[in-house]
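This report concerns only the one structure given below.
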Amino acid sequence: MGQPIVVVNIPELSIAAQSGKQAFDKYCASCHGSNAVGQEGKAPPLIHRIYEPNHHGDMAFVLAAKNGVRAHHWSFGNMPPVDGVTEAEIKNITIYIRELQRANGIN
């Protein structure tokens, strides 16, 4: 993996967030890095104020996973859709991301 872009404090996770971490590790970490820290030259950190809930709501994560995303905040290129991830997994991934964000002052 590339160098992390941010440093993330890891809180004690809820059961849903633990499930989300497992799904994140399976589907997302290869690009967004362990604990969503991002990777230089590969993908942005999700534990960043750009992704705070009132700028990118929970549905943004659902749509990104299902449809992909055209690059608009970062210069990493477009994100493709995530093959095989279910809506239930995306919901738990979002819970995981939000718990990490709150633990790092992003509300």
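FYI, nothing fancy with the structure tokens labels: chains A, B, ... in order, residues from 1 per chain, ligands from 1 as they appear.
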
Can you pull out the residues contacting A:Val8? Cut-off 10 Å, using only C-alpha atoms, and skip same-chain residues under 5 positions away; I want them as a PyMOL selection string. chain A and resi 34-37+45+47-48+100-101+103-104

Among stretch 26-104 of chain A, which residues does DSSP mark as strand (DSSP E or B) when it is run on the backbone? Keep the chain and numbering as in the structure and answer as a list of chain:residue names.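 Put together, the selection reads A:Gln39, A:Ala43, A:Val69, A:Met79.
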
Please provide as a PDB file with N, CA and C atoms, in the first residue's frame all residues within 12 Å of stretch 20-29 of chain A, with the sequence filter that same-chain residues fewer than 4 positions apart are discarded (counting only C-alpha atoms).
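Output below, filename result03.pdb:
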ATOM      1  N   MET A   1       0.837  -1.183   0.000  1.00  0.00           N
ATOM      2  CA  MET A   1       0.000   0.000   0.000  1.00  0.00           C
ATOM      3  C   MET A   1       0.883   1.248   0.000  1.00  0.00           C
ATOM      4  N   GLY A   2       0.338   2.353  -0.536  1.00  0.00           N
ATOM      5  CA  GLY A   2       1.046   3.622  -0.540  1.00  0.00           C
ATOM      6  C   GLY A   2       1.079   4.227   0.853  1.00  0.00           C
ATOM      7  N   PRO A   4       0.214   6.423   4.001  1.00  0.00           N
ATOM      8  CA  PRO A   4      -1.039   7.006   4.494  1.00  0.00           C
ATOM      9  C   PRO A   4      -1.021   8.521   4.331  1.00  0.00           C
ATOM     10  N   ILE A  10      -8.259   5.361  16.426  1.00  0.00           N
ATOM     11  CA  ILE A  10      -9.239   4.278  16.295  1.00  0.00           C
ATOM     12  C   ILE A  10     -10.015   4.154  17.607  1.00  0.00           C
ATOM     13  N   GLU A  12     -13.178   2.517  20.129  1.00  0.00           N
ATOM     14  CA  GLU A  12     -13.840   1.232  20.316  1.00  0.00           C
ATOM     15  C   GLU A  12     -15.073   1.269  19.420  1.00  0.00           C
ATOM     16  N   LEU A  13     -15.202   0.282  18.550  1.00  0.00           N
ATOM     17  CA  LEU A  13     -16.256   0.289  17.534  1.00  0.00           C
ATOM     18  C   LEU A  13     -17.503  -0.449  18.005  1.00  0.00           C
ATOM     19  N   SER A  14     -18.662   0.047  17.568  1.00  0.00           N
ATOM     20  CA  SER A  14     -19.919  -0.658  17.798  1.00  0.00           C
ATOM     21  C   SER A  14     -19.908  -1.967  17.009  1.00  0.00           C
ATOM     22  N   ILE A  15     -20.859  -2.835  17.288  1.00  0.00           N
ATOM     23  CA  ILE A  15     -20.968  -4.107  16.557  1.00  0.00           C
ATOM     24  C   ILE A  15     -21.159  -3.853  15.059  1.00  0.00           C
ATOM     25  N   ALA A  16     -22.035  -2.918  14.703  1.00  0.00           N
ATOM     26  CA  ALA A  16     -22.274  -2.614  13.285  1.00  0.00           C
ATOM     27  C   ALA A  16     -21.004  -2.072  12.629  1.00  0.00           C
ATOM     28  N   GLY A  33      -6.916   2.587   1.921  1.00  0.00           N
ATOM     29  CA  GLY A  33      -5.994   2.330   3.017  1.00  0.00           C
ATOM     30  C   GLY A  33      -6.670   1.772   4.259  1.00  0.00           C
ATOM     31  N   SER A  34      -5.869   1.182   5.105  1.00  0.00           N
ATOM     32  CA  SER A  34      -6.346   0.653   6.375  1.00  0.00           C
ATOM     33  C   SER A  34      -6.952   1.780   7.197  1.00  0.00           C
ATOM     34  N   ASN A  35      -8.128   1.558   7.747  1.00  0.00           N
ATOM     35  CA  ASN A  35      -8.836   2.554   8.559  1.00  0.00           C
ATOM     36  C   ASN A  35      -9.104   3.851   7.796  1.00  0.00           C
ATOM     37  N   ALA A  36      -9.219   3.757   6.486  1.00  0.00           N
ATOM     38  CA  ALA A  36      -9.617   4.880   5.619  1.00  0.00           C
ATOM     39  C   ALA A  36      -8.657   6.064   5.678  1.00  0.00           C
ATOM     40  N   VAL A  37      -7.357   5.788   5.863  1.00  0.00           N
ATOM     41  CA  VAL A  37      -6.354   6.854   5.950  1.00  0.00           C
ATOM     42  C   VAL A  37      -5.945   7.392   4.579  1.00  0.00           C
ATOM     43  N   GLY A  38      -6.429   6.780   3.502  1.00  0.00           N
ATOM     44  CA  GLY A  38      -6.028   7.166   2.160  1.00  0.00           C
ATOM     45  C   GLY A  38      -4.649   6.607   1.835  1.00  0.00           C
ATOM     46  N   GLN A  39      -4.282   6.699   0.576  1.00  0.00           N
ATOM     47  CA  GLN A  39      -2.952   6.255   0.140  1.00  0.00           C
ATOM     48  C   GLN A  39      -2.416   7.228  -0.892  1.00  0.00           C
ATOM     49  N   LYS A  42      -2.987   6.942  -4.743  1.00  0.00           N
ATOM     50  CA  LYS A  42      -3.988   5.915  -5.026  1.00  0.00           C
ATOM     51  C   LYS A  42      -5.413   6.367  -4.745  1.00  0.00           C
ATOM     52  N   ALA A  43      -5.711   6.794  -3.513  1.00  0.00           N
ATOM     53  CA  ALA A  43      -7.088   7.164  -3.157  1.00  0.00           C
ATOM     54  C   ALA A  43      -7.078   8.063  -1.923  1.00  0.00           C
ATOM     55  N   PRO A  44      -8.104   8.899  -1.788  1.00  0.00           N
ATOM     56  CA  PRO A  44      -8.143   9.847  -0.671  1.00  0.00           C
ATOM     57  C   PRO A  44      -8.516   9.199   0.653  1.00  0.00           C
ATOM     58  N   PRO A  45      -8.181   9.895   1.744  1.00  0.00           N
ATOM     59  CA  PRO A  45      -8.645   9.451   3.053  1.00  0.00           C
ATOM     60  C   PRO A  45     -10.131   9.774   3.191  1.00  0.00           C
ATOM     61  N   LEU A  46     -10.872   8.893   3.814  1.00  0.00           N
ATOM     62  CA  LEU A  46     -12.287   9.168   4.087  1.00  0.00           C
ATOM     63  C   LEU A  46     -12.455   9.802   5.465  1.00  0.00           C
ATOM     64  N   PHE A  61     -22.006   7.689   0.126  1.00  0.00           N
ATOM     65  CA  PHE A  61     -21.203   6.467   0.196  1.00  0.00           C
ATOM     66  C   PHE A  61     -21.895   5.330  -0.548  1.00  0.00           C
ATOM     67  N   ALA A  64     -21.533   6.070  -4.269  1.00  0.00           N
ATOM     68  CA  ALA A  64     -20.147   5.888  -4.702  1.00  0.00           C
ATOM     69  C   ALA A  64     -19.834   4.407  -4.896  1.00  0.00           C
ATOM     70  N   ALA A  65     -20.240   3.586  -3.937  1.00  0.00           N
ATOM     71  CA  ALA A  65     -19.963   2.147  -4.035  1.00  0.00           C
ATOM     72  C   ALA A  65     -20.725   1.518  -5.202  1.00  0.00           C
ATOM     73  N   MET A  79     -13.319   6.986  -9.302  1.00  0.00           N
ATOM     74  CA  MET A  79     -13.478   5.748  -8.533  1.00  0.00           C
ATOM     75  C   MET A  79     -14.459   4.852  -9.281  1.00  0.00           C
ATOM     76  N   PRO A  80     -14.085   3.612  -9.548  1.00  0.00           N
ATOM     77  CA  PRO A  80     -15.027   2.702 -10.217  1.00  0.00           C
ATOM     78  C   PRO A  80     -16.061   2.183  -9.219  1.00  0.00           C
ATOM     79  N   PRO A  81     -17.176   1.639  -9.710  1.00  0.00           N
ATOM     80  CA  PRO A  81     -18.117   0.972  -8.802  1.00  0.00           C
ATOM     81  C   PRO A  81     -17.414  -0.185  -8.092  1.00  0.00           C
ATOM     82  N   VAL A  82     -17.913  -0.533  -6.919  1.00  0.00           N
ATOM     83  CA  VAL A  82     -17.319  -1.615  -6.129  1.00  0.00           C
ATOM     84  C   VAL A  82     -18.098  -2.901  -6.418  1.00  0.00           C
ATOM     85  N   ASP A  83     -17.459  -3.833  -7.081  1.00  0.00           N
ATOM     86  CA  ASP A  83     -18.109  -5.096  -7.439  1.00  0.00           C
ATOM     87  C   ASP A  83     -18.363  -5.957  -6.213  1.00  0.00           C
ATOM     88  N   GLY A  84     -19.574  -6.490  -6.115  1.00  0.00           N
ATOM     89  CA  GLY A  84     -19.898  -7.487  -5.107  1.00  0.00           C
ATOM     90  C   GLY A  84     -20.354  -6.974  -3.763  1.00  0.00           C
ATOM     91  N   VAL A  85     -20.192  -5.700  -3.469  1.00  0.00           N
ATOM     92  CA  VAL A  85     -20.597  -5.178  -2.163  1.00  0.00           C
ATOM     93  C   VAL A  85     -22.121  -5.058  -2.106  1.00  0.00           C
ATOM     94  N   THR A  86     -22.699  -5.459  -0.979  1.00  0.00           N
ATOM     95  CA  THR A  86     -24.155  -5.403  -0.819  1.00  0.00           C
ATOM     96  C   THR A  86     -24.562  -4.098  -0.141  1.00  0.00           C
ATOM     97  N   GLU A  87     -25.849  -3.764  -0.220  1.00  0.00           N
ATOM     98  CA  GLU A  87     -26.339  -2.558   0.453  1.00  0.00           C
ATOM     99  C   GLU A  87     -26.148  -2.664   1.959  1.00  0.00           C
ATOM    100  N   ALA A  88     -26.354  -3.847   2.522  1.00  0.00           N
ATOM    101  CA  ALA A  88     -26.150  -4.026   3.964  1.00  0.00           C
ATOM    102  C   ALA A  88     -24.688  -3.784   4.328  1.00  0.00           C
ATOM    103  N   GLU A  89     -23.770  -4.260   3.504  1.00  0.00           N
ATOM    104  CA  GLU A  89     -22.351  -4.021   3.760  1.00  0.00           C
ATOM    105  C   GLU A  89     -22.016  -2.534   3.647  1.00  0.00           C
ATOM    106  N   ILE A  90     -22.570  -1.871   2.645  1.00  0.00           N
ATOM    107  CA  ILE A  90     -22.327  -0.431   2.482  1.00  0.00           C
ATOM    108  C   ILE A  90     -22.852   0.327   3.701  1.00  0.00           C
ATOM    109  N   LYS A  91     -24.010  -0.063   4.192  1.00  0.00           N
ATOM    110  CA  LYS A  91     -24.577   0.595   5.382  1.00  0.00           C
ATOM    111  C   LYS A  91     -23.611   0.462   6.559  1.00  0.00           C
ATOM    112  N   ASN A  92     -23.079  -0.731   6.782  1.00  0.00           N
ATOM    113  CA  ASN A  92     -22.146  -0.941   7.890  1.00  0.00           C
ATOM    114  C   ASN A  92     -20.800  -0.265   7.648  1.00  0.00           C
ATOM    115  N   ILE A  93     -20.360  -0.222   6.399  1.00  0.00           N
ATOM    116  CA  ILE A  93     -19.132   0.515   6.072  1.00  0.00           C
ATOM    117  C   ILE A  93     -19.327   1.989   6.433  1.00  0.00           C
ATOM    118  N   THR A  94     -20.482   2.528   6.105  1.00  0.00           N
ATOM    119  CA  THR A  94     -20.768   3.931   6.406  1.00  0.00           C
ATOM    120  C   THR A  94     -20.779   4.166   7.911  1.00  0.00           C
ATOM    121  N   ILE A  95     -21.368   3.250   8.670  1.00  0.00           N
ATOM    122  CA  ILE A  95     -21.358   3.361  10.138  1.00  0.00           C
ATOM    123  C   ILE A  95     -19.911   3.362  10.637  1.00  0.00           C
ATOM    124  N   TYR A  96     -19.103   2.481  10.101  1.00  0.00           N
ATOM    125  CA  TYR A  96     -17.683   2.397  10.470  1.00  0.00           C
ATOM    126  C   TYR A  96     -16.969   3.720  10.179  1.00  0.00           C
ATOM    127  N   ILE A  97     -17.149   4.245   8.977  1.00  0.00           N
ATOM    128  CA  ILE A  97     -16.512   5.512   8.598  1.00  0.00           C
ATOM    129  C   ILE A  97     -16.965   6.636   9.524  1.00  0.00           C
ATOM    130  N   ARG A  98     -18.265   6.703   9.788  1.00  0.00           N
ATOM    131  CA  ARG A  98     -18.780   7.776  10.658  1.00  0.00           C
ATOM    132  C   ARG A  98     -18.217   7.665  12.079  1.00  0.00           C
ATOM    133  N   GLU A  99     -18.075   6.453  12.607  1.00  0.00           N
ATOM    134  CA  GLU A  99     -17.500   6.303  13.949  1.00  0.00           C
ATOM    135  C   GLU A  99     -16.034   6.734  13.953  1.00  0.00           C
ATOM    136  N   LEU A 100     -15.297   6.374  12.912  1.00  0.00           N
ATOM    137  CA  LEU A 100     -13.905   6.838  12.807  1.00  0.00           C
ATOM    138  C   LEU A 100     -13.852   8.365  12.701  1.00  0.00           C
TER     139      LEU A 100
END

Which of stretch 5-70 of chain A end up as alpha helix (DSSP H) when DSSP is run on this backbone - answer as a PyMOL selection string? chain A and resi 15-27+29-32+58-67

Residue subset to file, keeping N, CA and C atoms, as a tab-separated table (two decimals), in the first residue's frame:
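Written out: selection13.tsv:
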chain	number	residue	atom	x	y	z
A	15	ILE	N	-20.86	-2.83	17.29
A	15	ILE	CA	-20.97	-4.11	16.56
A	15	ILE	C	-21.16	-3.85	15.06
A	16	ALA	N	-22.04	-2.92	14.70
A	16	ALA	CA	-22.27	-2.61	13.28
A	16	ALA	C	-21.00	-2.07	12.63
A	17	ALA	N	-20.27	-1.22	13.34
A	17	ALA	CA	-19.03	-0.67	12.79
A	17	ALA	C	-17.96	-1.74	12.65
A	18	GLN	N	-17.92	-2.71	13.57
A	18	GLN	CA	-16.98	-3.82	13.44
A	18	GLN	C	-17.27	-4.61	12.17
A	19	SER	N	-18.56	-4.83	11.91
A	19	SER	CA	-18.95	-5.51	10.67
A	19	SER	C	-18.57	-4.66	9.46
A	20	GLY	N	-18.78	-3.34	9.59
A	20	GLY	CA	-18.40	-2.42	8.53
A	20	GLY	C	-16.91	-2.42	8.28
A	21	LYS	N	-16.11	-2.52	9.34
A	21	LYS	CA	-14.65	-2.58	9.17
A	21	LYS	C	-14.26	-3.82	8.38
A	22	GLN	N	-14.89	-4.95	8.68
A	22	GLN	CA	-14.59	-6.18	7.93
A	22	GLN	C	-14.92	-5.99	6.44
A	23	ALA	N	-16.07	-5.40	6.15
A	23	ALA	CA	-16.45	-5.16	4.75
A	23	ALA	C	-15.52	-4.12	4.12
A	24	PHE	N	-15.18	-3.07	4.88
A	24	PHE	CA	-14.26	-2.05	4.37
A	24	PHE	C	-12.91	-2.69	4.01
A	25	ASP	N	-12.41	-3.53	4.91
A	25	ASP	CA	-11.14	-4.20	4.66
A	25	ASP	C	-11.20	-5.07	3.41
A	26	LYS	N	-12.34	-5.68	3.17
A	26	LYS	CA	-12.52	-6.56	2.00
A	26	LYS	C	-12.64	-5.76	0.69
A	27	TYR	N	-13.43	-4.68	0.72
A	27	TYR	CA	-13.77	-3.98	-0.52
A	27	TYR	C	-13.06	-2.64	-0.74
A	29	ALA	N	-10.23	-1.07	1.49
A	29	ALA	CA	-8.89	-0.75	2.04
A	29	ALA	C	-7.78	-0.84	1.00
A	30	SER	N	-7.95	-1.67	-0.03
A	30	SER	CA	-6.88	-1.78	-1.02
A	30	SER	C	-6.62	-0.44	-1.71
A	31	CYS	N	-7.62	0.41	-1.77
A	31	CYS	CA	-7.44	1.75	-2.34
A	31	CYS	C	-7.38	2.83	-1.25
A	32	HIS	N	-8.39	2.84	-0.36
A	32	HIS	CA	-8.52	3.91	0.64
A	32	HIS	C	-7.64	3.70	1.87
A	58	ASP	N	-24.66	10.14	4.10
A	58	ASP	CA	-24.52	8.68	4.02
A	58	ASP	C	-24.85	8.14	2.63
A	59	MET	N	-25.83	8.74	1.96
A	59	MET	CA	-26.21	8.26	0.63
A	59	MET	C	-25.06	8.44	-0.37
A	60	ALA	N	-24.18	9.39	-0.14
A	60	ALA	CA	-23.03	9.58	-1.04
A	60	ALA	C	-22.13	8.34	-1.04
A	61	PHE	N	-22.01	7.69	0.13
A	61	PHE	CA	-21.20	6.47	0.20
A	61	PHE	C	-21.89	5.33	-0.55
A	62	VAL	N	-23.20	5.25	-0.41
A	62	VAL	CA	-23.98	4.21	-1.12
A	62	VAL	C	-23.82	4.40	-2.62
A	63	LEU	N	-24.04	5.62	-3.09
A	63	LEU	CA	-23.96	5.89	-4.53
A	63	LEU	C	-22.54	5.69	-5.06
A	64	ALA	N	-21.53	6.07	-4.27
A	64	ALA	CA	-20.15	5.89	-4.70
A	64	ALA	C	-19.83	4.41	-4.90
A	65	ALA	N	-20.24	3.59	-3.94
A	65	ALA	CA	-19.96	2.15	-4.03
A	65	ALA	C	-20.72	1.52	-5.20
A	66	LYS	N	-21.98	1.92	-5.39
A	66	LYS	CA	-22.80	1.31	-6.44
A	66	LYS	C	-22.46	1.81	-7.84
A	67	ASN	N	-22.19	3.11	-7.96
A	67	ASN	CA	-22.06	3.72	-9.29
A	67	ASN	C	-20.66	4.22	-9.62

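The list of residues with at least one atom within 7 Å of A:Glu52, based on only C-alpha atoms and without residues fewer than 3 positions apart in the same chain, reads A:Arg49, A:His55, A:His56, A:Ile106, A:Asn107.
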
note - atom CA of A:Trp74 and atom CA of A:Val7 are separated by 18.0 Å
